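Enquirer: Sharing upload-v7.cif here; it has mmCIF, C-alpha atoms and all ligand atoms.
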```cif
data_target
loop_
_atom_site.group_PDB
_atom_site.id
_atom_site.type_symbol
_atom_site.label_atom_id
_atom_site.label_comp_id
_atom_site.auth_asym_id
_atom_site.auth_seq_id
_atom_site.Cartn_x
_atom_site.Cartn_y
_atom_site.Cartn_z
ATOM 1 C CA MET A 22 80.815 103.004 104.779
ATOM 2 C CA PRO A 23 82.740 101.708 107.815
ATOM 3 C CA VAL A 24 83.173 103.930 110.878
ATOM 4 C CA ILE A 25 86.327 103.152 112.835
ATOM 5 C CA LEU A 26 87.316 104.745 116.146
ATOM 6 C CA ILE A 27 90.908 104.411 117.350
ATOM 7 C CA THR A 28 92.239 105.636 120.703
ATOM 8 C CA GLY A 29 95.901 106.564 120.949
ATOM 9 C CA ALA A 30 95.939 107.399 117.229
ATOM 10 C CA SER A 31 98.399 110.279 117.651
ATOM 11 C CA SER A 32 101.394 107.920 117.798
ATOM 12 C CA GLY A 33 102.815 104.474 117.051
ATOM 13 C CA ILE A 34 100.460 101.571 116.396
ATOM 14 C CA GLY A 35 97.300 103.698 116.635
ATOM 15 C CA ALA A 36 98.597 106.153 114.029
ATOM 16 C CA ALA A 37 99.664 103.280 111.763
ATOM 17 C CA LEU A 38 96.199 101.692 112.100
ATOM 18 C CA ALA A 39 94.566 105.006 111.194
ATOM 19 C CA ARG A 40 96.708 105.306 108.054
ATOM 20 C CA HIS A 41 96.057 101.639 107.231
ATOM 21 C CA TYR A 42 92.263 101.987 107.375
ATOM 22 C CA ALA A 43 92.179 105.429 105.691
ATOM 23 C CA ALA A 44 90.347 105.155 102.362
ATOM 24 C CA PRO A 45 87.511 106.864 100.493
ATOM 25 C CA GLY A 46 84.183 105.949 102.109
ATOM 26 C CA THR A 47 85.710 105.287 105.525
ATOM 27 C CA THR A 48 85.055 107.533 108.515
ATOM 28 C CA LEU A 49 87.835 107.610 111.089
ATOM 29 C CA VAL A 50 87.284 108.937 114.596
ATOM 30 C CA LEU A 51 90.811 109.469 115.873
ATOM 31 C CA HIS A 52 91.740 110.105 119.466
ATOM 32 C CA GLY A 53 94.908 111.244 121.235
ATOM 33 C CA ARG A 54 96.163 114.015 123.485
ATOM 34 C CA ASP A 55 98.945 115.737 121.541
ATOM 35 C CA ALA A 56 97.203 118.167 119.163
ATOM 36 C CA GLY A 57 100.052 118.476 116.664
ATOM 37 C CA ARG A 58 100.713 114.761 116.252
ATOM 38 C CA LEU A 59 96.994 113.896 116.157
ATOM 39 C CA GLU A 60 96.285 116.507 113.470
ATOM 40 C CA ALA A 61 99.250 115.305 111.379
ATOM 41 C CA VAL A 62 97.859 111.743 111.424
ATOM 42 C CA ALA A 63 94.353 113.042 110.635
ATOM 43 C CA GLU A 64 95.682 115.043 107.676
ATOM 44 C CA ALA A 65 97.576 112.023 106.294
ATOM 45 C CA CYS A 66 94.340 110.013 106.494
ATOM 46 C CA ARG A 67 92.311 112.755 104.781
ATOM 47 C CA THR A 68 94.892 112.786 101.994
ATOM 48 C CA LYS A 69 94.119 109.078 101.497
ATOM 49 C CA GLY A 70 90.428 109.952 101.063
ATOM 50 C CA ALA A 71 89.018 109.170 104.514
ATOM 51 C CA ARG A 72 86.586 111.377 106.396
ATOM 52 C CA VAL A 73 88.318 112.150 109.694
ATOM 53 C CA GLU A 74 87.204 113.539 113.045
ATOM 54 C CA THR A 75 89.513 113.995 115.998
ATOM 55 C CA ALA A 76 89.057 114.151 119.758
ATOM 56 C CA ARG A 77 91.582 115.048 122.435
ATOM 57 C CA LEU A 78 90.785 113.491 125.793
ATOM 58 C CA ASP A 79 92.538 111.788 128.661
ATOM 59 C CA VAL A 80 91.145 108.241 128.685
ATOM 60 C CA ARG A 81 91.079 108.419 132.490
ATOM 61 C CA ASP A 82 88.245 110.967 132.332
ATOM 62 C CA ARG A 83 85.389 108.451 132.384
ATOM 63 C CA ALA A 84 82.515 110.931 132.078
ATOM 64 C CA ALA A 85 84.098 112.897 129.225
ATOM 65 C CA VAL A 86 85.060 109.715 127.359
ATOM 66 C CA ALA A 87 81.533 108.253 127.716
ATOM 67 C CA ALA A 88 79.954 111.502 126.493
ATOM 68 C CA TRP A 89 82.329 111.612 123.500
ATOM 69 C CA LEU A 90 81.584 107.964 122.563
ATOM 70 C CA ARG A 91 77.816 108.449 122.809
ATOM 71 C CA ALA A 92 77.994 111.566 120.612
ATOM 72 C CA ALA A 93 80.272 109.879 118.062
ATOM 73 C CA ASN A 94 77.994 106.833 117.897
ATOM 74 C CA ALA A 95 74.898 109.022 117.529
ATOM 75 C CA ALA A 96 76.521 110.866 114.614
ATOM 76 C CA HIS A 97 77.455 107.614 112.830
ATOM 77 C CA PRO A 98 77.151 104.175 114.479
ATOM 78 C CA LEU A 99 80.612 102.845 115.331
ATOM 79 C CA ASP A 100 81.504 99.655 113.455
ATOM 80 C CA LEU A 101 84.977 99.071 114.900
ATOM 81 C CA VAL A 102 86.549 100.519 118.038
ATOM 82 C CA ILE A 103 90.243 99.871 118.674
ATOM 83 C CA VAL A 104 91.081 100.452 122.333
ATOM 84 C CA ASN A 105 94.762 101.168 121.935
ATOM 85 C CA ALA A 106 95.908 104.130 124.108
ATOM 86 C CA ALA A 107 98.310 103.084 126.859
ATOM 87 C CA ILE A 108 101.566 103.913 128.633
ATOM 88 C CA ASN A 109 104.614 101.967 129.714
ATOM 89 C CA GLY A 110 105.158 101.175 133.367
ATOM 90 C CA GLY A 111 108.563 100.198 134.719
ATOM 91 C CA ASP A 112 111.342 102.107 136.439
ATOM 92 C CA PRO A 113 114.174 104.209 134.975
ATOM 93 C CA GLY A 114 116.711 102.468 137.226
ATOM 94 C CA GLY A 115 115.290 98.982 136.640
ATOM 95 C CA ASP A 116 114.152 99.005 140.280
ATOM 96 C CA VAL A 117 110.695 98.022 141.529
ATOM 97 C CA GLU A 118 108.314 100.527 139.968
ATOM 98 C CA THR A 119 107.008 103.171 142.364
ATOM 99 C CA GLU A 120 103.455 103.152 143.673
ATOM 100 C CA ALA A 121 102.789 106.311 141.657
ATOM 101 C CA THR A 122 103.968 104.659 138.419
ATOM 102 C CA ALA A 123 102.026 101.473 139.107
ATOM 103 C CA PHE A 124 98.772 103.306 139.854
ATOM 104 C CA GLU A 125 99.178 105.583 136.830
ATOM 105 C CA THR A 126 99.807 102.559 134.618
ATOM 106 C CA LEU A 127 96.715 100.786 135.960
ATOM 107 C CA ASP A 128 94.596 103.939 135.676
ATOM 108 C CA VAL A 129 95.472 104.496 132.023
ATOM 109 C CA ASN A 130 95.890 100.911 130.811
ATOM 110 C CA VAL A 131 93.016 99.245 132.699
ATOM 111 C CA ASN A 132 90.498 101.906 133.763
ATOM 112 C CA GLY A 133 91.255 104.076 130.735
ATOM 113 C CA ALA A 134 90.788 101.117 128.388
ATOM 114 C CA PHE A 135 87.490 100.110 129.971
ATOM 115 C CA ASN A 136 86.321 103.730 130.031
ATOM 116 C CA VAL A 137 86.384 103.364 126.241
ATOM 117 C CA ALA A 138 85.404 99.710 125.805
ATOM 118 C CA LEU A 139 82.430 99.436 128.164
ATOM 119 C CA PRO A 140 80.315 102.323 126.822
ATOM 120 C CA CYS A 141 80.963 100.868 123.351
ATOM 121 C CA VAL A 142 79.718 97.475 124.563
ATOM 122 C CA THR A 143 76.481 99.141 125.684
ATOM 123 C CA LEU A 144 76.052 101.089 122.429
ATOM 124 C CA MET A 145 76.897 98.146 120.161
ATOM 125 C CA ARG A 146 74.764 95.704 122.132
ATOM 126 C CA ALA A 147 71.773 98.007 121.774
ATOM 127 C CA ARG A 148 72.397 98.138 118.027
ATOM 128 C CA GLY A 149 73.125 94.396 117.750
ATOM 129 C CA ALA A 150 76.352 94.976 115.802
ATOM 130 C CA GLY A 151 79.922 96.142 116.174
ATOM 131 C CA GLN A 152 83.476 95.063 116.930
ATOM 132 C CA ILE A 153 85.794 96.094 119.775
ATOM 133 C CA ALA A 154 89.509 95.306 119.765
ATOM 134 C CA LEU A 155 91.375 95.557 123.068
ATOM 135 C CA VAL A 156 95.086 96.143 122.502
ATOM 136 C CA SER A 157 96.860 94.050 125.128
ATOM 137 C CA SER A 158 100.411 92.659 124.831
ATOM 138 C CA LEU A 159 102.307 89.360 124.848
ATOM 139 C CA ALA A 160 103.254 90.506 128.381
ATOM 140 C CA ALA A 161 99.727 89.361 129.296
ATOM 141 C CA PHE A 162 100.911 85.767 128.757
ATOM 142 C CA ALA A 163 104.512 86.208 129.921
ATOM 143 C CA PRO A 164 104.609 88.895 132.643
ATOM 144 C CA LEU A 165 107.697 91.108 132.526
ATOM 145 C CA PRO A 166 109.413 91.338 135.955
ATOM 146 C CA ASP A 167 110.433 94.920 135.161
ATOM 147 C CA ALA A 168 106.856 95.990 134.380
ATOM 148 C CA PRO A 169 104.451 94.313 136.808
ATOM 149 C CA ALA A 170 101.646 96.890 136.540
ATOM 150 C CA TYR A 171 101.885 96.980 132.724
ATOM 151 C CA SER A 172 101.852 93.160 132.551
ATOM 152 C CA GLY A 173 98.948 92.935 135.000
ATOM 153 C CA ALA A 174 97.007 95.608 133.128
ATOM 154 C CA LYS A 175 97.456 93.790 129.827
ATOM 155 C CA ALA A 176 96.467 90.447 131.434
ATOM 156 C CA ALA A 177 93.287 92.132 132.710
ATOM 157 C CA LEU A 178 92.409 93.218 129.162
ATOM 158 C CA LEU A 179 93.058 89.701 127.876
ATOM 159 C CA ALA A 180 90.894 87.956 130.486
ATOM 160 C CA HIS A 181 88.122 90.533 130.416
ATOM 161 C CA GLY A 182 88.090 90.609 126.631
ATOM 162 C CA LEU A 183 87.918 86.855 126.164
ATOM 163 C CA ALA A 184 85.180 86.543 128.780
ATOM 164 C CA LEU A 185 83.151 89.342 127.185
ATOM 165 C CA ARG A 186 83.637 87.826 123.735
ATOM 166 C CA GLU A 187 81.574 84.787 124.707
ATOM 167 C CA LYS A 188 78.860 86.811 126.409
ATOM 168 C CA LEU A 189 78.479 89.267 123.538
ATOM 169 C CA LYS A 190 78.548 86.798 120.658
ATOM 170 C CA PRO A 191 74.744 86.210 120.753
ATOM 171 C CA HIS A 192 74.246 89.998 120.732
ATOM 172 C CA GLY A 193 76.113 90.530 117.456
ATOM 173 C CA VAL A 194 79.115 92.240 119.081
ATOM 174 C CA ARG A 195 82.603 90.882 118.356
ATOM 175 C CA ILE A 196 85.436 91.317 120.867
ATOM 176 C CA ASN A 197 89.062 90.682 119.943
ATOM 177 C CA VAL A 198 92.192 90.881 122.037
ATOM 178 C CA VAL A 199 95.374 92.016 120.276
ATOM 179 C CA THR A 200 98.647 90.856 121.822
ATOM 180 C CA PRO A 201 101.625 92.341 119.945
ATOM 181 C CA GLY A 202 105.245 91.485 120.548
ATOM 182 C CA TYR A 203 107.836 94.241 120.182
ATOM 183 C CA VAL A 204 106.870 97.126 117.901
ATOM 184 C CA LYS A 205 109.045 100.154 116.963
ATOM 185 C CA THR A 206 107.142 103.120 118.404
ATOM 186 C CA ALA A 207 107.688 105.930 120.912
ATOM 187 C CA MET A 208 106.637 103.531 123.655
ATOM 188 C CA GLY A 209 109.014 100.901 122.289
ATOM 189 C CA SER A 210 111.917 103.337 122.270
ATOM 190 C CA GLU A 211 111.443 104.000 126.004
ATOM 191 C CA TYR A 212 112.234 100.345 126.632
ATOM 192 C CA GLN A 213 115.962 99.730 127.156
ATOM 193 C CA GLY A 214 116.445 95.995 126.779
ATOM 194 C CA TRP A 215 116.380 93.095 124.325
ATOM 195 C CA ARG A 216 113.510 93.422 121.827
ATOM 196 C CA PRO A 217 113.683 90.281 119.662
ATOM 197 C CA MET A 218 111.853 90.214 116.311
ATOM 198 C CA GLU A 219 110.752 93.840 116.641
ATOM 199 C CA ILE A 220 108.524 94.972 113.768
ATOM 200 C CA SER A 221 107.446 98.378 112.467
ATOM 201 C CA ALA A 222 104.157 99.991 113.493
ATOM 202 C CA ASP A 223 102.982 99.764 109.864
ATOM 203 C CA GLU A 224 103.632 96.013 109.831
ATOM 204 C CA ALA A 225 101.842 95.659 113.181
ATOM 205 C CA ALA A 226 98.837 97.542 111.755
ATOM 206 C CA ILE A 227 98.651 95.153 108.785
ATOM 207 C CA ARG A 228 98.681 92.122 111.101
ATOM 208 C CA ILE A 229 96.107 93.637 113.459
ATOM 209 C CA ALA A 230 93.735 94.597 110.636
ATOM 210 C CA ARG A 231 94.066 91.102 109.107
ATOM 211 C CA GLY A 232 93.292 89.434 112.454
ATOM 212 C CA LEU A 233 90.318 91.704 113.099
ATOM 213 C CA ALA A 234 88.903 91.108 109.605
ATOM 214 C CA ARG A 235 89.064 87.376 110.401
ATOM 215 C CA ASN A 236 87.486 88.024 113.811
ATOM 216 C CA GLN A 237 90.317 86.145 115.563
ATOM 217 C CA ASP A 238 89.733 85.867 119.307
ATOM 218 C CA ILE A 239 93.415 86.642 119.997
ATOM 219 C CA VAL A 240 95.470 88.486 117.380
ATOM 220 C CA ALA A 241 99.009 87.540 118.450
ATOM 221 C CA PHE A 242 102.275 88.275 116.605
ATOM 222 C CA PRO A 243 105.013 87.607 115.670
ATOM 223 C CA TRP A 244 103.976 83.975 115.849
ATOM 224 C CA ILE A 245 107.278 82.565 117.189
ATOM 225 C CA ILE A 246 107.412 84.946 120.173
ATOM 226 C CA ALA A 247 103.652 84.572 120.633
ATOM 227 C CA ALA A 248 103.930 80.763 120.732
ATOM 228 C CA LEU A 249 106.804 80.975 123.249
ATOM 229 C CA ALA A 250 104.949 83.488 125.429
ATOM 230 C CA ARG A 251 101.715 81.501 125.403
ATOM 231 C CA GLY A 252 103.522 78.158 125.838
ATOM 232 C CA SER A 253 105.580 79.482 128.755
ATOM 233 C CA ALA A 254 102.404 79.605 130.867
ATOM 234 C CA LEU A 255 102.438 75.776 130.869
ATOM 235 C CA LEU A 256 105.968 75.560 132.321
ATOM 236 C CA PRO A 257 106.718 75.223 136.032
ATOM 237 C CA GLU A 258 107.092 78.809 137.320
ATOM 238 C CA SER A 259 110.808 78.362 138.133
ATOM 239 C CA LEU A 260 111.531 77.382 134.509
ATOM 240 C CA ARG A 261 109.344 80.135 133.101
ATOM 241 C CA ARG A 262 111.186 82.696 135.242
ATOM 242 C CA LEU A 263 114.542 81.395 133.996
ATOM 243 C CA GLY A 264 113.332 81.845 130.420
ATOM 244 C CA MET A 265 112.316 85.430 131.196
ATOM 245 C CA SER A 266 115.766 86.347 132.571
ATOM 246 C CA GLY A 267 116.856 87.618 129.120
ATOM 247 C CA PHE A 268 113.999 90.112 129.034
ATOM 248 C CA LYS A 269 115.216 92.482 131.769
ATOM 249 C CA PHE A 270 114.831 96.162 130.876
ATOM 250 C CA LYS A 271 114.858 99.723 132.162
ATOM 251 C CA ILE A 272 112.606 102.566 131.114
ATOM 252 C CA ARG A 273 114.231 105.564 129.402
ATOM 253 C CA THR A 274 112.459 108.742 130.429
ATOM 254 C CA GLY A 275 112.238 112.119 128.709
ATOM 255 C CA ARG A 276 110.147 111.411 125.626
HETATM 256 N N1 LIG A 301 105.292 99.215 121.153
HETATM 257 C C1 LIG A 301 105.303 97.972 121.608
HETATM 258 O O1 LIG A 301 106.354 97.273 121.589
HETATM 259 C C2 LIG A 301 104.036 97.342 122.119
HETATM 260 C C3 LIG A 301 104.052 95.965 122.407
HETATM 261 C C4 LIG A 301 102.902 95.368 122.884
HETATM 262 C C5 LIG A 301 101.740 96.102 123.044
HETATM 263 N N2 LIG A 301 101.756 97.433 122.772
HETATM 264 C C6 LIG A 301 100.502 98.174 122.979
HETATM 265 O O2 LIG A 301 100.140 98.840 121.785
HETATM 266 C C7 LIG A 301 99.408 100.029 122.103
HETATM 267 C C8 LIG A 301 100.005 101.222 121.391
HETATM 268 O O3 LIG A 301 101.330 101.387 121.843
HETATM 269 P P1 LIG A 301 102.416 102.221 121.027
HETATM 270 O O4 LIG A 301 103.687 101.466 121.131
HETATM 271 O O5 LIG A 301 101.884 102.609 119.711
HETATM 272 O O6 LIG A 301 102.564 103.494 122.006
HETATM 273 P P2 LIG A 301 102.824 105.048 121.726
HETATM 274 O O7 LIG A 301 103.467 105.268 120.428
HETATM 275 O O8 LIG A 301 103.467 105.519 122.969
HETATM 276 O O9 LIG A 301 101.328 105.637 121.658
HETATM 277 C C9 LIG A 301 100.508 105.635 122.798
HETATM 278 C C10 LIG A 301 99.230 106.380 122.483
HETATM 279 O O10 LIG A 301 98.400 106.378 123.667
HETATM 280 C C11 LIG A 301 97.989 107.709 123.949
HETATM 281 N N3 LIG A 301 97.826 107.886 125.387
HETATM 282 C C12 LIG A 301 98.692 107.545 126.375
HETATM 283 N N4 LIG A 301 98.194 107.880 127.570
HETATM 284 C C13 LIG A 301 96.985 108.442 127.345
HETATM 285 C C14 LIG A 301 95.979 109.003 128.171
HETATM 286 N N5 LIG A 301 96.108 109.040 129.508
HETATM 287 N N6 LIG A 301 94.857 109.487 127.585
HETATM 288 C C15 LIG A 301 94.718 109.464 126.257
HETATM 289 N N7 LIG A 301 95.632 108.950 125.410
HETATM 290 C C16 LIG A 301 96.748 108.453 125.950
HETATM 291 C C17 LIG A 301 99.095 108.587 123.402
HETATM 292 O O11 LIG A 301 98.566 109.874 123.160
HETATM 293 P P3 LIG A 301 99.528 111.209 123.114
HETATM 294 O O12 LIG A 301 100.860 110.748 122.572
HETATM 295 O O13 LIG A 301 98.793 112.127 122.199
HETATM 296 O O14 LIG A 301 99.606 111.681 124.530
HETATM 297 C C18 LIG A 301 99.462 107.848 122.125
HETATM 298 O O15 LIG A 301 98.584 108.193 121.088
HETATM 299 C C19 LIG A 301 99.432 100.138 123.636
HETATM 300 O O16 LIG A 301 98.235 99.594 124.165
HETATM 301 C C20 LIG A 301 100.612 99.267 124.021
HETATM 302 O O17 LIG A 301 100.520 98.789 125.350
HETATM 303 C C21 LIG A 301 102.867 98.077 122.306
#
```
Would you mind writing the file's structure down as structure tokens?
Ligand SMILES: NC(=O)c1ccc[n+]([C@@H]2O[C@H](COP(=O)([O-])OP(=O)(O)OC[C@H]3O[C@@H](n4cnc5c(N)ncnc54)[C@H](OP(=O)(O)O)[C@@H]3O)[C@@H](O)[C@H]2O)c1

Expert:
Amino acid sequence: MPVILITGASSGIGAALARHYAAPGTTLVLHGRDAGRLEAVAEACRTKGARVETARLDVRDRAAVAAWLRAANAAHPLDLVIVNAAINGGDPGGDVETEATAFETLDVNVNGAFNVALPCVTLMRARGAGQIALVSSLAAFAPLPDAPAYSGAKAALLAHGLALREKLKPHGVRINVVTPGYVKTAMGSEYQGWRPMEISADEAAIRIARGLARNQDIVAFPWIIAALARGSALLPESLRRLGMSGFKFKIRTGR
């Protein structure tokens, strides 16, 4: 009877993961902010036989998020938590992102992610079981010049997640870092630039679930872009930057 909690399940990859895991005998704890979209995903999952609870919270609200996680875990111990909610950074004009954008991106994508992950570490460690997936990005390996805060936030999740993975292994808690390439979602559609080998959110969910079932340390896809992104870290910085020149983008606002 697995219990799976997914943040950012009202849209994109989180919604696709919820639908993917929805099955009789599974309890889904789905999180988002938009009531209509979250309820539509919950209803689709119930139709597939899952038991579904929803919660609407801003992941930046550390106290509220911690209280929600403790209550959810007390009701039914969490087996898998997918820390997925995030926003794009960047600038509509392709300029340097503003301080406000950068801080908002860091608040949601770093602090917001750890507001979810760290209480779950405590709860799962006490129980001696559980799995936490941190949804990062290939931008963690190959920082995007047009999204410095986003890239830095995703690199923080990668480094923190891999470090925690080692520490938590003896305590029965598995940590995985998910680094997708381009995925067709609302966030993806805000991105005005080249998006090679873009895949659907449903396809991304299949790859993420497969990687998590195998307890892969890093779940990276599609493999060609992932290999290039990870390999680029070995290049001299001037060459790496040249390679990144095709990945310029602007952010489209007004979602
Ligand atoms: N799409 C891509 O190409 C791509 C590539 C690499 C990595 N990723 C990563 O994959 C994950 C999912 O992205 P996506 O493309 O599926 O994005 P999306 O469709 O824009 O969905 C983002 C989700 O995060 C939630 N969210 C955003 N800010 C929040 C906040 N402050 N508090 C609570 N919830 C918040 C949204 O909730 P509401 O809509 O209800 O507000 C929504 O459910 C993210 O971590 C992203 O960085 C995406």

Enquirer: Counting only C-alpha atoms, which of A:Ser158, A:Thr122, A:Asn136, A:Ser31 gets nearest to Pro201 of chain A?

Expert: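 For Pro201 of chain A, the nearest of the given residues is A:Ser158.
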
Enquirer: Please find the residues contacting ligand LIG 301 (chain A) at a distance of at most 7 Å between atoms, with only C-alpha atoms and all ligand atoms counted, and report them as a PDB file with C-alpha atoms, in the frame of the given file.

Expert:
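Okay, selection-v1.pdb is ready:
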```
ATOM      1  CA  THR A  28      92.239 105.636 120.703  1.00  0.00           C
ATOM      2  CA  GLY A  29      95.901 106.564 120.949  1.00  0.00           C
ATOM      3  CA  ALA A  30      95.939 107.399 117.229  1.00  0.00           C
ATOM      4  CA  SER A  31      98.399 110.279 117.651  1.00  0.00           C
ATOM      5  CA  SER A  32     101.394 107.920 117.798  1.00  0.00           C
ATOM      6  CA  GLY A  33     102.815 104.474 117.051  1.00  0.00           C
ATOM      7  CA  ILE A  34     100.460 101.571 116.396  1.00  0.00           C
ATOM      8  CA  GLY A  35      97.300 103.698 116.635  1.00  0.00           C
ATOM      9  CA  GLY A  53      94.908 111.244 121.235  1.00  0.00           C
ATOM     10  CA  ARG A  54      96.163 114.015 123.485  1.00  0.00           C
ATOM     11  CA  ASP A  55      98.945 115.737 121.541  1.00  0.00           C
ATOM     12  CA  ALA A  56      97.203 118.167 119.163  1.00  0.00           C
ATOM     13  CA  ARG A  58     100.713 114.761 116.252  1.00  0.00           C
ATOM     14  CA  LEU A  59      96.994 113.896 116.157  1.00  0.00           C
ATOM     15  CA  LEU A  78      90.785 113.491 125.793  1.00  0.00           C
ATOM     16  CA  ASP A  79      92.538 111.788 128.661  1.00  0.00           C
ATOM     17  CA  VAL A  80      91.145 108.241 128.685  1.00  0.00           C
ATOM     18  CA  ARG A  81      91.079 108.419 132.490  1.00  0.00           C
ATOM     19  CA  ASN A 105      94.762 101.168 121.935  1.00  0.00           C
ATOM     20  CA  ALA A 106      95.908 104.130 124.108  1.00  0.00           C
ATOM     21  CA  ALA A 107      98.310 103.084 126.859  1.00  0.00           C
ATOM     22  CA  ILE A 108     101.566 103.913 128.633  1.00  0.00           C
ATOM     23  CA  ASN A 109     104.614 101.967 129.714  1.00  0.00           C
ATOM     24  CA  VAL A 129      95.472 104.496 132.023  1.00  0.00           C
ATOM     25  CA  VAL A 156      95.086  96.143 122.502  1.00  0.00           C
ATOM     26  CA  SER A 157      96.860  94.050 125.128  1.00  0.00           C
ATOM     27  CA  SER A 158     100.411  92.659 124.831  1.00  0.00           C
ATOM     28  CA  LEU A 159     102.307  89.360 124.848  1.00  0.00           C
ATOM     29  CA  THR A 200      98.647  90.856 121.822  1.00  0.00           C
ATOM     30  CA  PRO A 201     101.625  92.341 119.945  1.00  0.00           C
ATOM     31  CA  GLY A 202     105.245  91.485 120.548  1.00  0.00           C
ATOM     32  CA  TYR A 203     107.836  94.241 120.182  1.00  0.00           C
ATOM     33  CA  VAL A 204     106.870  97.126 117.901  1.00  0.00           C
ATOM     34  CA  LYS A 205     109.045 100.154 116.963  1.00  0.00           C
ATOM     35  CA  THR A 206     107.142 103.120 118.404  1.00  0.00           C
ATOM     36  CA  ALA A 207     107.688 105.930 120.912  1.00  0.00           C
ATOM     37  CA  MET A 208     106.637 103.531 123.655  1.00  0.00           C
ATOM     38  CA  GLY A 209     109.014 100.901 122.289  1.00  0.00           C
TER      39      GLY A 209
END
```

Enquirer: Which residue, A:Leu99, A:Ala176, A:Ala61, A:Ile227, has the smallest gap to Pro140 of chain A when you use all atoms listed in the file?

Expert: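 Checking each candidate against Pro140 of chain A, we get A:Leu99 as the closest.
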
Enquirer: Looking at A:Ile245, A:Leu90, A:Leu165, A:Leu139, which one is nearest to Gly111 of chain A, with distances taken over only C-alpha atoms?

Expert: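 Of the candidates, the smallest distance to Gly111 of chain A is held by A:Leu165.
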
Enquirer: Excluding same-chain residues fewer than 4 positions from His192 of chain A, what lies within 12 Å of it counting all atoms listed in the file, as a ChimeraX atom specification?

Expert: /A:142-152,185-188,196

Enquirer: Report as JSON the centre and the edge lengths, in Å to one decimal, of the axis-aligned box holding every listed atom of segment 172-189 of chain A, padded by 6 Å on each side.

Expert:
```
{"center_x": 90.2, "center_y": 90.2, "center_z": 129.3, "size_x": 35.4, "size_y": 22.8, "size_z": 23.5}
```

Enquirer: Please expand the PyMOL selection byres (((chain A and resi 246) around 10) and not hetatm) into the concrete residues it hits in this file, giving the result as a VMD selection string.

Expert: chain A and resid 159 201 to 203 217 to 218 241 to 245 247 to 252

Enquirer: Write a file of the selected residues as an mmCIF file, in the frame of the given file, keeping C-alpha atoms.

Expert:
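Contents of the output file result17.cif:
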```cif
data_model
loop_
_atom_site.group_PDB
_atom_site.id
_atom_site.type_symbol
_atom_site.label_atom_id
_atom_site.label_comp_id
_atom_site.auth_asym_id
_atom_site.auth_seq_id
_atom_site.Cartn_x
_atom_site.Cartn_y
_atom_site.Cartn_z
ATOM 1 C CA LEU A 159 102.307 89.360 124.848
ATOM 2 C CA PRO A 201 101.625 92.341 119.945
ATOM 3 C CA GLY A 202 105.245 91.485 120.548
ATOM 4 C CA TYR A 203 107.836 94.241 120.182
ATOM 5 C CA PRO A 217 113.683 90.281 119.662
ATOM 6 C CA MET A 218 111.853 90.214 116.311
ATOM 7 C CA ALA A 241 99.009 87.540 118.450
ATOM 8 C CA PHE A 242 102.275 88.275 116.605
ATOM 9 C CA PRO A 243 105.013 87.607 115.670
ATOM 10 C CA TRP A 244 103.976 83.975 115.849
ATOM 11 C CA ILE A 245 107.278 82.565 117.189
ATOM 12 C CA ALA A 247 103.652 84.572 120.633
ATOM 13 C CA ALA A 248 103.930 80.763 120.732
ATOM 14 C CA LEU A 249 106.804 80.975 123.249
ATOM 15 C CA ALA A 250 104.949 83.488 125.429
ATOM 16 C CA ARG A 251 101.715 81.501 125.403
ATOM 17 C CA GLY A 252 103.522 78.158 125.838
#
```

Enquirer: Rank nothing, just name the residue among A:Ala160, A:Cys141, A:Ala76, A:Ala88 nearest to Ala254 of chain A, using all atoms listed in the file.

Expert: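 That would be A:Ala160, the residue with the smallest distance to Ala254 of chain A.
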
Enquirer: Run the PyMOL selection byres (((chain A and resi 269) around 7) and not hetatm) against the file shown and list the residues it catches, as a list in words.

Expert: Asp167, Gly214, Ser266, Gly267, Phe268 and Phe270 of chain A

Enquirer: If you count only C-alpha atoms, which residues fall within 12 Å of Pro166 of chain A, apart from same-chain ones fewer than 3 positions away, as a PyMOL selection string?

Expert: chain A and resi 110-112+115-118+160-161+163+169-173+261-271

Enquirer: Provide the atom CA of Asn197 of chain A to atom CA of Ala84 of chain A distance in Å, to one decimal place.

Expert: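 Answer for the atom CA of Asn197 of chain A to atom CA of Ala84 of chain A separation: 24.5 Å.
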
Enquirer: May I ask for the distance between atom CA of Arg91 of chain A and atom CA of Arg67 of chain A, given in Å to one decimal place?

Expert: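 Separating atom CA of Arg91 of chain A from atom CA of Arg67 of chain A is a distance of 23.5 Å.
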
Enquirer: Would you pick out the contacts of Ala43 of chain A at 9 Å or less, using only C-alpha atoms, so that residues sharing its chain but fewer than 6 positions from it are not included, and give the list as a ChimeraX atom specification?

Expert: /A:49,65-73

Enquirer: Could you state the separation of atom CA of Leu256 of chain A and atom CA of Glu219 of chain A in Å, given to one decimal place?

Expert: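 Distance reported for this atom pair: 24.6 Å.
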
Enquirer: Residues at most 6 Å from Val50 of chain A, counting all atoms listed in the file, excluding those fewer than 6 positions away in the same chain, as a ChimeraX atom specification?

Expert: /A:26,73-75

Enquirer: For the structure provided, state which residues fall under the PyMOL selection byres (((chain A and resi 234-238) around 8) and not hetatm), and present them as a count of residues only.

Expert: 12
